file input22.cif (mmCIF, C-alpha atoms (C1' of nucleotides))
data_target
#
loop_
_atom_site.label_atom_id
_atom_site.label_comp_id
_atom_site.auth_asym_id
_atom_site.auth_seq_id
_atom_site.Cartn_x
_atom_site.Cartn_y
_atom_site.Cartn_z
CA MET A 1 111.98 72.49 87.46
CA SER A 2 112.26 69.88 90.17
CA ASP A 3 111.86 66.85 87.94
CA LEU A 4 115.10 67.41 86.08
CA ALA A 5 118.30 66.25 87.66
CA ALA A 6 120.73 69.01 88.46
CA VAL A 7 123.95 68.90 86.51
CA ASP A 8 127.14 68.29 88.40
CA VAL A 9 129.03 71.50 88.57
CA ALA A 10 132.53 71.97 89.71
CA VAL A 11 131.95 75.62 90.47
CA SER A 12 129.11 77.12 92.47
CA PRO A 13 126.99 79.88 90.97
CA GLU A 14 128.65 82.34 93.33
CA ASP A 15 132.08 81.32 92.15
CA LYS A 16 131.08 81.39 88.53
CA PHE A 17 129.70 84.88 89.02
CA ARG A 18 132.79 85.98 90.87
CA GLU A 19 134.84 84.80 87.92
CA TYR A 20 132.66 86.72 85.53
CA LEU A 21 133.03 89.88 87.56
CA MET A 22 136.78 89.44 87.62
CA THR A 23 137.03 89.28 83.85
CA LYS A 24 135.04 92.50 83.71
CA GLY A 25 137.02 94.18 86.41
CA MET A 26 133.95 94.48 88.58
CA ARG A 27 133.53 94.01 92.31
CA LEU A 28 131.66 91.39 94.26
CA THR A 29 129.79 93.58 96.68
CA THR A 30 127.64 92.42 99.56
CA GLU A 31 124.53 93.31 97.58
CA ARG A 32 125.62 91.27 94.60
CA GLU A 33 126.45 88.30 96.76
CA THR A 34 123.12 88.54 98.51
CA ILE A 35 121.26 88.54 95.23
CA VAL A 36 123.16 85.63 93.70
CA ARG A 37 122.48 83.57 96.80
CA GLU A 38 118.83 84.48 96.88
CA VAL A 39 118.45 83.67 93.19
CA PHE A 40 120.07 80.29 93.55
CA ALA A 41 118.40 79.43 96.83
CA SER A 42 115.45 78.07 94.88
CA HIS A 43 115.04 76.47 91.51
CA GLU A 44 111.66 78.04 90.87
CA HIS A 45 110.99 80.33 87.97
CA PHE A 46 110.65 83.94 89.07
CA ASP A 47 110.15 87.47 87.85
CA VAL A 48 111.82 90.63 89.10
CA ASP A 49 108.98 91.49 91.41
CA GLN A 50 109.11 88.15 93.12
CA LEU A 51 112.84 88.38 93.60
CA VAL A 52 112.52 91.87 95.00
CA SER A 53 109.97 90.78 97.56
CA ARG A 54 112.00 87.75 98.56
CA LEU A 55 114.90 90.09 99.15
CA SER A 56 112.83 92.60 101.05
CA GLN A 57 111.59 89.92 103.42
CA ARG A 58 115.07 89.14 104.63
CA THR A 59 115.52 89.56 108.34
CA ASP A 60 119.29 89.77 108.26
CA GLY A 61 119.20 93.35 107.12
CA LYS A 62 120.67 92.50 103.74
CA ARG A 63 118.22 94.47 101.73
CA VAL A 64 118.83 95.46 98.16
CA SER A 65 117.20 98.15 96.09
CA ARG A 66 115.08 97.41 93.07
CA SER A 67 117.54 99.19 90.80
CA THR A 68 120.32 96.95 91.93
CA VAL A 69 118.18 93.92 91.34
CA TYR A 70 117.55 95.03 87.77
CA ARG A 71 121.21 95.74 87.26
CA MET A 72 122.07 92.36 88.68
CA ILE A 73 119.62 90.48 86.52
CA SER A 74 121.36 91.88 83.46
CA LEU A 75 124.69 90.75 84.81
CA LEU A 76 123.38 87.30 85.69
CA VAL A 77 121.95 86.86 82.22
CA GLU A 78 125.13 88.11 80.58
CA SER A 79 127.25 85.83 82.71
CA GLY A 80 125.17 82.82 81.75
CA LEU A 81 123.77 82.15 85.20
CA LEU A 82 120.23 83.13 84.37
CA ARG A 83 118.08 83.20 81.30
CA PRO A 84 114.70 84.66 80.48
CA VAL A 85 112.19 81.94 79.65
CA ALA A 86 108.84 83.53 79.14
CA ARG A 87 106.97 86.76 79.41
CA PRO A 88 103.46 86.21 80.69
CA ASN A 89 101.63 89.48 81.31
CA ASP A 90 104.62 91.62 80.38
CA ARG A 91 106.75 90.37 83.21
CA GLU A 92 109.93 88.70 82.18
CA VAL A 93 110.34 85.34 83.90
CA TYR A 94 113.79 83.93 84.57
CA GLU A 95 115.26 80.56 85.43
CA HIS A 96 118.66 79.14 86.26
CA ASP A 97 120.82 78.66 83.22
CA TYR A 98 123.86 77.46 85.10
CA GLY A 99 124.10 74.12 86.85
CA TYR A 100 121.00 73.08 85.06
CA PRO A 101 120.69 71.26 81.79
CA GLN A 102 119.44 72.99 78.68
CA HIS A 103 115.77 72.29 78.22
CA ASP A 104 112.55 73.61 76.76
CA HIS A 105 108.98 73.73 77.93
CA LEU A 106 105.63 72.22 77.25
CA ILE A 107 103.12 74.75 78.50
CA CYS A 108 99.60 73.70 79.34
CA LYS A 109 97.15 76.31 78.20
CA GLU A 110 94.59 74.90 80.57
CA CYS A 111 96.35 74.87 83.91
CA GLY A 112 99.56 76.76 83.12
CA THR A 113 101.86 73.95 84.16
CA LEU A 114 105.35 74.07 82.71
CA ILE A 115 106.80 70.69 81.78
CA GLU A 116 110.49 70.71 81.04
CA PHE A 117 112.00 68.47 78.42
CA VAL A 118 115.36 67.89 76.84
CA ASP A 119 115.91 66.89 73.26
CA ASP A 120 119.32 66.97 71.68
CA SER A 121 118.16 66.58 68.11
CA LEU A 122 116.57 69.98 68.43
CA ASN A 123 119.95 71.64 68.57
CA ASP A 124 121.05 69.77 65.49
CA ILE A 125 118.11 71.16 63.61
CA LEU A 126 118.76 74.68 64.82
CA GLU A 127 122.40 74.45 63.88
CA ARG A 128 121.54 73.24 60.41
CA VAL A 129 118.94 75.94 59.84
CA ALA A 130 121.30 78.58 61.18
CA GLU A 131 124.09 77.48 58.90
CA GLN A 132 121.81 77.66 55.90
CA ASN A 133 121.15 81.28 56.78
CA GLY A 134 124.62 82.36 57.76
CA PHE A 135 123.30 82.83 61.24
CA ARG A 136 125.22 82.32 64.47
CA VAL A 137 122.99 80.90 67.21
CA SER A 138 123.53 82.02 70.75
CA ALA A 139 120.30 80.89 72.36
CA HIS A 140 116.78 79.84 71.69
CA ARG A 141 113.39 79.83 73.29
CA LEU A 142 110.93 77.10 72.45
CA GLU A 143 107.50 77.16 73.98
CA VAL A 144 105.17 74.33 73.08
CA TYR A 145 101.57 75.08 73.90
CA GLY A 146 98.83 72.52 74.35
CA LYS A 147 97.11 70.41 76.94
CA CYS A 148 98.90 68.41 79.60
CA ALA A 149 98.11 64.80 80.48
CA ASP A 150 96.20 65.82 83.59
CA CYS A 151 94.01 68.27 81.75
CA CYS A 152 93.38 65.78 78.95
CA ARG A 153 91.89 63.39 81.47
CA PRO A 154 88.18 64.08 81.71
CA LYS A 155 87.83 63.13 85.39
CA ARG A 156 90.03 65.68 87.03
CA ARG A 157 89.40 69.41 86.96
CA PRO A 158 92.24 71.58 85.55
CA ARG A 159 94.57 72.89 88.23
CA LYS A 160 93.75 76.55 88.00
CA THR A 161 95.89 77.48 90.93
CA ASP A 162 99.10 76.21 89.40
CA ARG A 163 101.25 79.00 88.27
CA ILE A 164 104.13 79.32 85.76
CA MET B 1 108.30 86.84 54.73
CA SER B 2 108.46 87.20 51.00
CA ASP B 3 110.18 83.91 50.31
CA LEU B 4 107.36 81.84 51.70
CA ALA B 5 104.49 80.94 49.43
CA ALA B 6 101.15 82.35 50.45
CA VAL B 7 98.44 79.82 51.22
CA ASP B 8 95.34 79.87 49.11
CA VAL B 9 92.52 81.41 51.04
CA ALA B 10 88.90 81.50 50.10
CA VAL B 11 88.18 84.63 52.11
CA SER B 12 90.18 87.84 52.11
CA PRO B 13 91.55 89.21 55.38
CA GLU B 14 89.08 92.08 55.18
CA ASP B 15 86.19 89.67 54.86
CA LYS B 16 87.45 87.49 57.64
CA PHE B 17 87.75 90.54 59.86
CA ARG B 18 84.33 91.78 58.88
CA GLU B 19 82.94 88.40 59.92
CA TYR B 20 84.72 88.62 63.25
CA LEU B 21 83.33 92.07 63.93
CA MET B 22 79.84 90.86 63.09
CA THR B 23 79.98 88.08 65.64
CA LYS B 24 81.03 90.64 68.22
CA GLY B 25 78.44 93.19 67.23
CA MET B 26 81.12 95.69 66.31
CA ARG B 27 81.31 98.08 63.38
CA LEU B 28 83.62 98.13 60.41
CA THR B 29 84.58 101.79 60.44
CA THR B 30 86.67 103.57 57.85
CA GLU B 31 89.61 103.58 60.24
CA ARG B 32 89.38 99.85 60.82
CA GLU B 33 89.17 99.15 57.13
CA THR B 34 92.15 101.38 56.46
CA ILE B 35 94.22 99.56 59.04
CA VAL B 36 93.32 96.05 57.87
CA ARG B 37 94.26 97.02 54.32
CA GLU B 38 97.49 98.63 55.36
CA VAL B 39 98.40 95.61 57.49
CA PHE B 40 97.75 93.17 54.68
CA ALA B 41 99.26 95.34 51.96
CA SER B 42 102.66 93.88 52.79
CA HIS B 43 103.83 90.58 54.15
CA GLU B 44 106.66 92.10 56.15
CA HIS B 45 106.92 91.80 59.87
CA PHE B 46 106.14 95.02 61.61
CA ASP B 47 105.82 96.66 64.97
CA VAL B 48 103.26 99.21 66.04
CA ASP B 49 105.53 102.13 65.34
CA GLN B 50 106.13 101.07 61.79
CA LEU B 51 102.47 100.54 61.14
CA VAL B 52 101.70 103.95 62.57
CA SER B 53 104.19 105.65 60.32
CA ARG B 54 102.97 103.79 57.27
CA LEU B 55 99.52 105.01 58.11
CA SER B 56 100.62 108.56 58.73
CA GLN B 57 102.31 108.74 55.36
CA ARG B 58 99.09 108.14 53.51
CA THR B 59 98.21 110.90 51.11
CA ASP B 60 94.55 109.99 50.83
CA GLY B 61 93.77 111.64 54.11
CA LYS B 62 92.93 108.33 55.75
CA ARG B 63 94.95 108.88 58.86
CA VAL B 64 94.43 106.90 62.01
CA SER B 65 95.50 107.68 65.53
CA ARG B 66 98.01 105.62 67.43
CA SER B 67 95.38 104.61 69.98
CA THR B 68 93.20 103.17 67.31
CA VAL B 69 96.12 101.26 65.90
CA TYR B 70 96.76 99.69 69.27
CA ARG B 71 93.11 98.88 69.69
CA MET B 72 93.03 97.35 66.23
CA ILE B 73 96.08 95.20 66.78
CA SER B 74 94.33 93.56 69.70
CA LEU B 75 91.30 92.88 67.54
CA LEU B 76 93.41 91.51 64.71
CA VAL B 77 95.20 89.16 67.05
CA GLU B 78 91.97 88.04 68.67
CA SER B 79 90.39 87.42 65.30
CA GLY B 80 93.29 85.26 64.19
CA LEU B 81 94.51 87.57 61.44
CA LEU B 82 97.70 88.59 63.18
CA ARG B 83 100.00 87.06 65.70
CA PRO B 84 102.87 88.37 67.77
CA VAL B 85 106.09 86.63 66.81
CA ALA B 86 108.90 88.20 68.73
CA ARG B 87 109.89 91.03 70.94
CA PRO B 88 113.30 92.36 70.01
CA ASN B 89 114.22 95.48 71.97
CA ASP B 90 110.90 95.48 73.77
CA ARG B 91 108.85 96.12 70.68
CA GLU B 92 106.24 93.51 69.94
CA VAL B 93 106.55 92.39 66.34
CA TYR B 94 103.58 91.01 64.43
CA GLU B 95 103.03 88.99 61.31
CA HIS B 96 100.13 87.67 59.29
CA ASP B 97 98.59 84.63 60.84
CA TYR B 98 95.90 84.23 58.23
CA GLY B 99 96.67 82.85 54.81
CA TYR B 100 100.26 82.12 55.67
CA PRO B 101 102.07 78.85 56.42
CA GLN B 102 103.49 77.85 59.80
CA HIS B 103 107.13 78.80 60.30
CA ASP B 104 109.65 79.88 62.91
CA HIS B 105 112.24 82.64 63.26
CA LEU B 106 115.89 83.38 63.60
CA ILE B 107 116.17 86.68 65.44
CA CYS B 108 119.27 88.84 65.27
CA LYS B 109 120.05 90.30 68.65
CA GLU B 110 122.17 92.95 67.02
CA CYS B 111 119.90 94.52 64.45
CA GLY B 112 116.59 92.85 65.22
CA THR B 113 116.14 91.29 61.80
CA LEU B 114 113.74 88.35 61.64
CA ILE B 115 114.55 85.48 59.33
CA GLU B 116 111.83 82.93 58.70
CA PHE B 117 112.43 79.25 58.26
CA VAL B 118 110.39 76.11 57.89
CA ASP B 119 111.56 72.76 59.13
CA ASP B 120 109.29 69.78 59.17
CA SER B 121 111.47 67.61 61.34
CA LEU B 122 110.82 70.08 64.12
CA ASN B 123 107.21 69.03 64.29
CA ASP B 124 108.23 65.40 64.43
CA ILE B 125 110.37 66.12 67.44
CA LEU B 126 107.64 68.05 69.16
CA GLU B 127 105.17 65.28 68.52
CA ARG B 128 107.52 62.70 69.93
CA VAL B 129 108.29 64.75 73.03
CA ALA B 130 104.63 65.48 73.54
CA GLU B 131 103.72 61.84 73.33
CA GLN B 132 106.33 60.94 75.89
CA ASN B 133 104.69 63.39 78.25
CA GLY B 134 101.10 62.61 77.47
CA PHE B 135 100.84 66.13 76.13
CA ARG B 136 98.62 67.27 73.28
CA VAL B 137 100.30 70.00 71.21
CA SER B 138 98.20 72.78 69.78
CA ALA B 139 100.86 75.32 68.85
CA HIS B 140 104.43 76.34 69.44
CA ARG B 141 106.65 79.35 69.36
CA LEU B 142 110.31 78.94 68.59
CA GLU B 143 112.63 81.92 68.65
CA VAL B 144 116.25 81.36 67.81
CA TYR B 145 118.47 84.21 68.93
CA GLY B 146 121.89 85.04 67.62
CA LYS B 147 123.70 87.13 65.07
CA CYS B 148 122.65 87.41 61.46
CA ALA B 149 125.04 87.16 58.52
CA ASP B 150 125.15 90.93 58.07
CA CYS B 151 126.02 91.63 61.66
CA CYS B 152 128.63 88.85 61.69
CA ARG B 153 130.53 90.59 58.92
CA PRO B 154 133.25 92.70 60.50
CA LYS B 155 133.37 95.38 57.79
CA ARG B 156 129.97 96.84 58.20
CA ARG B 157 128.79 98.38 61.45
CA PRO B 158 125.68 96.78 62.95
CA ARG B 159 122.62 98.52 61.66
CA LYS B 160 121.53 100.23 64.82
CA THR B 161 118.92 102.22 63.02
CA ASP B 162 117.25 99.18 61.53
CA ARG B 163 114.20 98.26 63.45
CA ILE B 164 111.70 95.43 63.47
"C1'" DT C 1 142.27 108.04 97.60
"C1'" DT C 2 140.09 106.79 93.68
"C1'" DT C 3 137.05 104.05 91.27
"C1'" DC C 4 133.13 101.44 91.20
"C1'" DG C 5 128.44 100.42 93.11
"C1'" DT C 6 124.14 101.62 95.46
"C1'" DG C 7 119.86 103.90 96.34
"C1'" DC C 8 116.62 107.15 95.37
"C1'" DA C 9 113.86 109.53 92.49
"C1'" DA C 10 113.12 111.01 88.05
"C1'" DA C 11 112.84 109.93 83.39
"C1'" DG C 12 111.93 106.62 79.40
"C1'" DC C 13 109.22 103.63 76.60
"C1'" DC C 14 105.64 101.28 74.99
"C1'" DT C 15 100.87 100.64 75.82
"C1'" DT C 16 96.37 101.46 77.84
"C1'" DT C 17 92.58 104.45 79.23
"C1'" DG C 18 89.30 108.37 80.42
"C1'" DC C 19 86.52 111.34 78.22
"C1'" DA C 20 84.45 114.49 75.04
"C1'" DT C 21 83.37 114.31 70.30
"C1'" DC C 22 81.99 112.00 66.15
"C1'" DC C 23 79.75 108.83 63.21
"C1'" DA C 24 77.35 104.73 61.41
"C1'" DT C 25 73.07 102.63 61.97
"C1'" DA D 1 68.85 109.58 68.17
"C1'" DT D 2 72.18 106.49 70.30
"C1'" DG D 3 75.54 103.35 71.15
"C1'" DG D 4 79.92 102.16 69.64
"C1'" DA D 5 84.49 104.29 67.83
"C1'" DT D 6 88.03 107.82 67.53
"C1'" DG D 7 91.60 111.12 69.14
"C1'" DC D 8 93.92 113.42 72.28
"C1'" DA D 9 96.31 113.65 76.27
"C1'" DA D 10 97.08 111.78 80.53
"C1'" DA D 11 97.97 107.80 83.19
"C1'" DG D 12 100.09 103.05 83.78
"C1'" DG D 13 103.55 99.52 84.42
"C1'" DC D 14 107.96 97.90 83.92
"C1'" DT D 15 112.70 99.21 83.32
"C1'" DT D 16 116.55 102.37 82.91
"C1'" DT D 17 119.32 106.28 84.31
"C1'" DG D 18 121.41 110.63 86.51
"C1'" DC D 19 123.47 111.85 90.45
"C1'" DA D 20 125.26 112.23 95.07
"C1'" DC D 21 126.67 109.34 98.62
"C1'" DG D 22 128.99 105.16 100.24
"C1'" DA D 23 132.08 101.28 99.98
"C1'" DA D 24 135.73 98.37 98.02
"C1'" DA D 25 140.73 98.12 96.40
#
call {"tool": "encode", "arguments": {"input": "input22.cif", "output": "structure tokens"}}
result
Amino acid sequence: MSDLAAVDVAVSPEDKFREYLMTKGMRLTTERETIVREVFASHEHFDVDQLVSRLSQRTDGKRVSRSTVYRMISLLVESGLLRPVARPNDREVYEHDYGYPQHDHLICKECGTLIEFVDDSLNDILERVAEQNGFRVSAHRLEVYGKCADCCRPKRRPRKTDRI
Amino acid sequence: MSDLAAVDVAVSPEDKFREYLMTKGMRLTTERETIVREVFASHEHFDVDQLVSRLSQRTDGKRVSRSTVYRMISLLVESGLLRPVARPNDREVYEHDYGYPQHDHLICKECGTLIEFVDDSLNDILERVAEQNGFRVSAHRLEVYGKCADCCRPKRRPRKTDRI
DNA sequence: TTTCGTGCAAAGCCTTTGCATCCAT
DNA sequence: ATGGATGCAAAGGCTTTGCACGAAA
């Protein structure tokens, strides 16, 4: 995700989440704060397992159970901070949905690289199609599969080690 | 899927599948034939559970076990006859990939209904984006999530029992 | 104090698999 | 006969949930 500029946000993810909890009458516990921080400490895509191990490696004693992580992921998705982007091998993969511009992905079938792109006309199309069907769009997932520039070049070997 | 015109195909799904099995040195058993026919008897989207119940309602005694259905779905996907299109409520939903035109889906988060749509300008956009990134597109998967017309209507309760 | 949240383990769900039996070549 | 295929039930893998304990307000 590093090649897209971060959007200027007035409110930090923590604050945004705090707000969300407020409206729901929920509490910002230490565990919840720990998770939000861990999630937004890196812009990488991640699945639940990866998040759990990042949390379990903490040396400050702020450990969080797997159940709580699952419960938190739901909250983060509901609150608009996170969104699921893909599901390779039955593991849901998430990415930041807040403080980051809307985008979609070109996915190289060869090396697995994810290339993010933004295209506004896409939304226009979706809106039009939705309207024609009396449908109210809340989100979309567009995955474009193919071969990236690197892998199209004959010289270089595909980067098999690249993940997600 | 019924409002999309079927593409003319020289070979029937059964024949195509038979061919595939041949190349793999596998057999076309009665069970496999039954499943291919049942799958291509209707153009509707379906999940494994639905296919299983359709099969179990047969009166001709041609029943097939759930395991075999799962094993067959893999084969049908591998052979290019079927493709997974969405995963509402954690159930993989499949559709015909052979003898049917390219299209995308509106997916109702409420009742799980899939609405197909075709939009040519979408491909133009993808091509343009791909070119800008030196990417060669081979396929795409676009899932638009939201609320369908039925579920938007306040009168009627969302159809919780409807699956797909 | 009282309500909400956490952790643990158990349960759920869909899917895959081991294995004995069966069947098409 | 002889592999591959089927069915059944059991096992897997990820996710959800019931419940008692613990922590905010």
call {"tool": "residues_around", "arguments": {"input": "input22.cif", "residues": "region 13-16 of chain C", "least_positions_apart": "4", "cutoff": "8 Å", "atoms": "all atoms listed in the file", "output": "list in words"}}
result
Tyr70, Asp90 and Arg91 of chain B; DG12 of chain D
call {"tool": "residues_around", "arguments": {"input": "input22.cif", "residues": "region 117-132 of chain A", "least_positions_apart": "6", "cutoff": "7 Å", "atoms": "only C-alpha atoms (C1' of nucleotides)", "output": "ChimeraX atom specification"}}
result
/A:102-105
call {"tool": "calpha_fit_and_write", "arguments": {"input": "input22.cif", "fixed": "chain B", "moving": "chain A", "output": "compact mmCIF listing (two decimals) with C-alpha atoms, keeping the file's coordinate frame"}}
result
# COMPACT_ATOMS: atom_id res chain seq x y z
CA MET A 1 109.56 88.41 55.21
CA SER A 2 110.00 88.92 51.50
CA ASP A 3 111.99 85.77 50.83
CA LEU A 4 109.15 83.43 51.68
CA ALA A 5 106.55 82.75 49.07
CA ALA A 6 103.08 83.89 49.99
CA VAL A 7 100.56 81.13 50.42
CA ASP A 8 97.68 80.98 48.01
CA VAL A 9 94.60 82.10 49.79
CA ALA A 10 91.11 81.85 48.58
CA VAL A 11 89.95 84.62 50.87
CA SER A 12 91.54 88.02 51.34
CA PRO A 13 92.49 89.21 54.80
CA GLU A 14 89.60 91.66 54.68
CA ASP A 15 87.16 88.90 53.90
CA LYS A 16 88.58 86.62 56.52
CA PHE A 17 88.25 89.41 59.07
CA ARG A 18 84.74 90.19 57.95
CA GLU A 19 83.87 86.55 58.52
CA TYR A 20 85.37 86.64 61.97
CA LEU A 21 83.39 89.72 62.86
CA MET A 22 80.22 88.08 61.63
CA THR A 23 80.65 85.08 63.89
CA LYS A 24 81.08 87.48 66.79
CA GLY A 25 78.18 89.64 65.80
CA MET A 26 80.45 92.61 65.33
CA ARG A 27 80.45 95.31 62.68
CA LEU A 28 82.93 96.08 59.95
CA THR A 29 83.29 99.79 60.42
CA THR A 30 85.25 102.15 58.21
CA GLU A 31 87.95 102.36 60.87
CA ARG A 32 88.31 98.61 61.06
CA GLU A 33 88.50 98.30 57.31
CA THR A 34 91.09 101.02 57.13
CA ILE A 35 93.26 99.29 59.68
CA VAL A 36 93.04 95.84 58.11
CA ARG A 37 94.04 97.31 54.77
CA GLU A 38 96.90 99.27 56.23
CA VAL A 39 98.15 96.23 58.12
CA PHE A 40 98.09 94.04 55.05
CA ALA A 41 99.43 96.68 52.70
CA SER A 42 102.94 95.63 53.66
CA HIS A 43 104.51 92.40 54.77
CA GLU A 44 106.96 94.08 57.11
CA HIS A 45 107.04 93.41 60.81
CA PHE A 46 105.63 96.32 62.80
CA ASP A 47 104.77 97.50 66.27
CA VAL A 48 101.74 99.50 67.37
CA ASP A 49 103.55 102.79 67.16
CA GLN A 50 104.59 102.21 63.60
CA LEU A 51 101.09 101.25 62.59
CA VAL A 52 99.68 104.30 64.29
CA SER A 53 102.02 106.62 62.44
CA ARG A 54 101.34 104.94 59.12
CA LEU A 55 97.67 105.52 59.76
CA SER A 56 98.15 109.10 60.84
CA GLN A 57 100.03 109.90 57.65
CA ARG A 58 97.07 109.04 55.49
CA THR A 59 95.91 111.86 53.29
CA ASP A 60 92.47 110.46 52.62
CA GLY A 61 91.21 111.57 55.98
CA LYS A 62 90.78 108.02 57.20
CA ARG A 63 92.44 108.53 60.50
CA VAL A 64 92.03 106.16 63.39
CA SER A 65 92.67 106.70 67.06
CA ARG A 66 95.34 104.86 68.97
CA SER A 67 92.74 103.17 71.15
CA THR A 68 91.04 101.73 68.15
CA VAL A 69 94.33 100.48 66.83
CA TYR A 70 94.97 98.66 70.09
CA ARG A 71 91.49 97.24 70.08
CA MET A 72 91.93 96.15 66.50
CA ILE A 73 95.25 94.47 67.10
CA SER A 74 93.58 92.26 69.69
CA LEU A 75 90.88 91.37 67.22
CA LEU A 76 93.38 90.67 64.45
CA VAL A 77 95.38 88.40 66.71
CA GLU A 78 92.27 86.61 67.93
CA SER A 79 91.02 86.15 64.40
CA GLY A 80 94.30 84.62 63.32
CA LEU A 81 95.30 87.37 60.93
CA LEU A 82 98.16 88.65 63.01
CA ARG A 83 100.53 87.23 65.55
CA PRO A 84 103.05 88.72 67.93
CA VAL A 85 106.57 87.60 67.07
CA ALA A 86 108.97 89.38 69.34
CA ARG A 87 109.22 92.05 71.95
CA PRO A 88 112.38 94.06 71.54
CA ASN A 89 112.53 97.00 73.94
CA ASP A 90 109.10 96.30 75.40
CA ARG A 91 107.29 96.92 72.17
CA GLU A 92 105.33 94.02 70.88
CA VAL A 93 106.12 93.33 67.23
CA TYR A 94 103.54 91.73 64.97
CA GLU A 95 103.52 89.98 61.62
CA HIS A 96 100.97 88.52 59.26
CA ASP A 97 99.72 85.15 60.37
CA TYR A 98 97.22 84.73 57.57
CA GLY A 99 98.16 84.14 53.96
CA TYR A 100 101.64 83.45 55.08
CA PRO A 101 103.20 80.14 55.94
CA GLN A 102 104.06 79.23 59.50
CA HIS A 103 107.70 79.93 60.15
CA ASP A 104 110.24 80.80 62.80
CA HIS A 105 113.19 83.13 62.97
CA LEU A 106 116.93 83.10 63.09
CA ILE A 107 117.90 86.37 64.71
CA CYS A 108 121.35 87.80 64.22
CA LYS A 109 122.60 89.30 67.43
CA GLU A 110 125.12 91.30 65.47
CA CYS A 111 123.04 93.10 62.88
CA GLY A 112 119.50 92.29 64.02
CA THR A 113 118.48 90.66 60.76
CA LEU A 114 115.54 88.29 60.97
CA ILE A 115 115.83 85.20 58.78
CA GLU A 116 112.65 83.23 58.41
CA PHE A 117 112.66 79.48 58.12
CA VAL A 118 110.15 76.69 57.94
CA ASP A 119 110.64 73.26 59.40
CA ASP A 120 107.81 70.80 59.68
CA SER A 121 109.57 68.37 61.97
CA LEU A 122 109.49 71.06 64.61
CA ASN A 123 105.75 70.75 64.93
CA ASP A 124 106.04 67.02 65.31
CA ILE A 125 108.37 67.50 68.22
CA LEU A 126 106.10 70.05 69.84
CA GLU A 127 103.10 67.82 69.43
CA ARG A 128 104.92 64.90 71.00
CA VAL A 129 106.18 66.94 73.94
CA ALA A 130 102.75 68.45 74.44
CA GLU A 131 101.08 65.08 74.46
CA GLN A 132 103.50 63.82 77.06
CA ASN A 133 102.42 66.68 79.28
CA GLY A 134 98.71 66.65 78.62
CA PHE A 135 99.15 70.02 77.02
CA ARG A 136 97.15 71.41 74.11
CA VAL A 137 99.32 73.56 71.83
CA SER A 138 97.81 76.60 70.23
CA ALA A 139 100.92 78.44 69.13
CA HIS A 140 104.61 78.74 69.62
CA ARG A 141 107.39 81.24 69.37
CA LEU A 142 110.87 80.09 68.50
CA GLU A 143 113.67 82.60 68.36
CA VAL A 144 117.09 81.30 67.43
CA TYR A 145 119.85 83.71 68.28
CA GLY A 146 123.31 83.73 66.77
CA LYS A 147 125.34 85.19 63.97
CA CYS A 148 124.18 85.41 60.38
CA ALA A 149 126.28 84.42 57.37
CA ASP A 150 127.07 88.03 56.55
CA CYS A 151 128.27 88.83 60.03
CA CYS A 152 130.32 85.64 60.17
CA ARG A 153 132.28 86.81 57.16
CA PRO A 154 135.25 88.80 58.37
CA LYS A 155 135.40 91.17 55.38
CA ARG A 156 132.10 92.92 55.66
CA ARG A 157 131.09 95.13 58.57
CA PRO A 158 127.85 94.14 60.39
CA ARG A 159 124.80 95.95 59.07
CA LYS A 160 124.01 98.07 62.07
CA THR A 161 121.25 99.94 60.35
CA ASP A 162 119.17 96.86 59.67
CA ARG A 163 116.24 96.69 61.92
CA ILE A 164 113.93 93.87 63.10
call {"tool": "closest_residue", "arguments": {"input": "input22.cif", "among": "B:Asp97, B:Glu14, B:Glu38, B:Leu106", "to": "Arg141 (chain A)", "atoms": "all atoms listed in the file"}}
result
B:Leu106
call {"tool": "interface_residues", "arguments": {"input": "input22.cif", "of": "chain D", "to": "chain B", "cutoff": "8 Å", "atoms": "only C-alpha atoms (C1' of nucleotides)", "output": "compact mmCIF listing (two decimals) with C-alpha atoms (C1' of nucleotides), in the frame of the given file"}}
result
# COMPACT_ATOMS: atom_id res chain seq x y z
C1' DG D 4 79.92 102.16 69.64
C1' DA D 5 84.49 104.29 67.83
C1' DT D 6 88.03 107.82 67.53
C1' DG D 7 91.60 111.12 69.14
call {"tool": "atom_distance", "arguments": {"input": "input22.cif", "atom1": "C1' of DT3 (chain C)", "atom2": "CA of Val77 (chain A)"}}
result
24.6 Å
call {"tool": "resolve_selection", "arguments": {"input": "input22.cif", "expression": "the PyMOL selection byres ((chain B) within 6 of (chain A))", "output": "VMD selection string"}}
result
chain B and resid 134 to 149
call {"tool": "interface_residues", "arguments": {"input": "input22.cif", "of": "chain C", "to": "chain A", "cutoff": "8 Å", "atoms": "all atoms listed in the file", "output": "PyMOL selection string"}}
result
chain C and resi 4-7
call {"tool": "write_last_selection", "arguments": {"input": "input22.cif", "atoms": "C-alpha atoms (C1' of nucleotides)", "output": "PDB file, in the frame of the given file"}}
result
ATOM      1  C1'  DC C   4     133.130 101.440  91.200  1.00  0.00           C
ATOM      2  C1'  DG C   5     128.440 100.420  93.110  1.00  0.00           C
ATOM      3  C1'  DT C   6     124.140 101.620  95.460  1.00  0.00           C
ATOM      4  C1'  DG C   7     119.860 103.900  96.340  1.00  0.00           C
TER       5       DG C   7
END
call {"tool": "atom_distance", "arguments": {"input": "input22.cif", "atom1": "C1' of DG12 (chain C)", "atom2": "CA of Thr113 (chain B)"}}
result
23.7 Å
call {"tool": "closest_residue", "arguments": {"input": "input22.cif", "among": "A:Ala86, A:Pro101, A:Val69, A:Ser79", "to": "Met22 (chain A)", "atoms": "only C-alpha atoms"}}
result
A:Ser79
call {"tool": "atom_distance", "arguments": {"input": "input22.cif", "atom1": "CA of Arg58 (chain A)", "atom2": "CA of Glu33 (chain A)"}}
result
13.9 Å
call {"tool": "resolve_selection", "arguments": {"input": "input22.cif", "expression": "the PyMOL selection byres ((chain D and resi 19) around 12)", "output": "ChimeraX atom specification"}}
result
/C:6-10 /D:17-18,20-21
